[in-house]
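Take a look at the structure set out below.
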Amino acid sequence: MSVDKDTVRKVARLARIAVPEDRLEPLAAELNGILAWIEQLNEVDVEGVEPMTSPVALSLPMRADVVTDGGIRDQVLANAPQTSDGFFIVPKVVE
C-alpha cells in the first residue's frame with residue numbers, strides 16, 4: 001500500500017490535525033516507510049509460535065473473590081468534608 005499526499009491530507013482532516021501543505025509530502029514518505037516495516041514484519045514465519053504476554057512464564061496467585069467493605073469505613077470517612085450515618089454528604093447537582 002502506498003500513501004500519497006491526498007491520503008495524508010484526508011487522514012489529517014479526519015484526525016483534526018492541522019498539517020501545513022509543505023509537510024504533506026514528507027509525512028507521506030514517513031508513512032510509506034512505516035508501512036514498509038509492517039510489510040516486512042508480515043513476512044516473518046510465526047507458524048506454531050504461541051502468543052505471549054511476558055517473556056517469563058509465570059502464573060499469577062489467585063485469591064478468593066469475596067466482596068468486603070474494606071473494614072476501614074471510619075478512616076475513609078475521616079477524609080470527607082461532611083458525613084452522616086456512615087455516608088458521604090455531597091451537594092445536590094441535579095434538580
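Naming works like this for the C-alpha cells: A, B, ... for the chains as they're shown, residue 1 at the start of each chain, ligands 1 onward in shown order.
Note that DSSP on the backbone gives strand (DSSP E) to these residues of chain A: Thr83, Ser84, Phe87 and Phe88 of chain A.
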Could the residues in this selection be written to a file with C-alpha atoms, as an mmCIF file, in the first residue's frame?
```
data_model
loop_
_atom_site.group_PDB
_atom_site.id
_atom_site.type_symbol
_atom_site.label_atom_id
_atom_site.label_comp_id
_atom_site.auth_asym_id
_atom_site.auth_seq_id
_atom_site.Cartn_x
_atom_site.Cartn_y
_atom_site.Cartn_z
ATOM 1 C CA THR A 83 -20.659 12.734 56.637
ATOM 2 C CA SER A 84 -23.900 11.417 58.080
ATOM 3 C CA PHE A 87 -22.084 8.004 54.348
ATOM 4 C CA PHE A 88 -20.559 10.893 52.405
#
```
TODO: Could you pull out the residues in chain A that DSSP calls alpha helix (DSSP H) from the backbone, as a ChimeraX atom specification?
DONE: /A:5-14,24-42,73-77
Task: Straight-line distance linking atom CA of Val8 of chain A with atom CA of Asn42 of chain A, stated in Å to one decimal - done: 23.3 Å
Task: Neighbour list for Pro20 of chain A as a VMD selection string, cut-off 12 Å, only C-alpha atoms, skip fewer than 5 positions in-chain - done: chain A and resid 5 8 to 9 12 to 13 25 to 27
Keeping only N, CA and C atoms, write the selected residues to a file as a CSV table (one decimal), in the first residue's frame.
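And here is the file that came out, result.csv:
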```csv
chain,number,residue,atom,x,y,z
A,5,LYS,N,0.0,12.2,-1.0
A,5,LYS,CA,-0.2,13.5,-0.4
A,5,LYS,C,-1.7,13.7,-0.1
A,8,VAL,N,-2.7,11.6,3.0
A,8,VAL,CA,-2.2,12.3,4.2
A,8,VAL,C,-3.1,13.4,4.6
A,9,ARG,N,-3.5,14.2,3.6
A,9,ARG,CA,-4.4,15.3,3.8
A,9,ARG,C,-5.8,14.9,4.4
A,12,ALA,N,-5.3,13.6,8.0
A,12,ALA,CA,-5.1,14.7,8.9
A,12,ALA,C,-6.4,15.4,9.2
A,13,ARG,N,-7.2,15.6,8.2
A,13,ARG,CA,-8.5,16.2,8.4
A,13,ARG,C,-9.4,15.4,9.3
A,25,GLU,N,4.0,16.1,1.9
A,25,GLU,CA,4.8,15.1,1.1
A,25,GLU,C,5.8,14.4,2.1
A,26,PRO,N,6.5,15.1,3.0
A,26,PRO,CA,7.4,14.4,4.0
A,26,PRO,C,6.6,13.4,4.9
A,27,LEU,N,5.4,13.8,5.3
A,27,LEU,CA,4.6,12.9,6.1
A,27,LEU,C,4.2,11.6,5.3
```
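Between atom CA of Ala29 of chain A and atom CA of Asp4 of chain A there is a distance of 8.2 Å.
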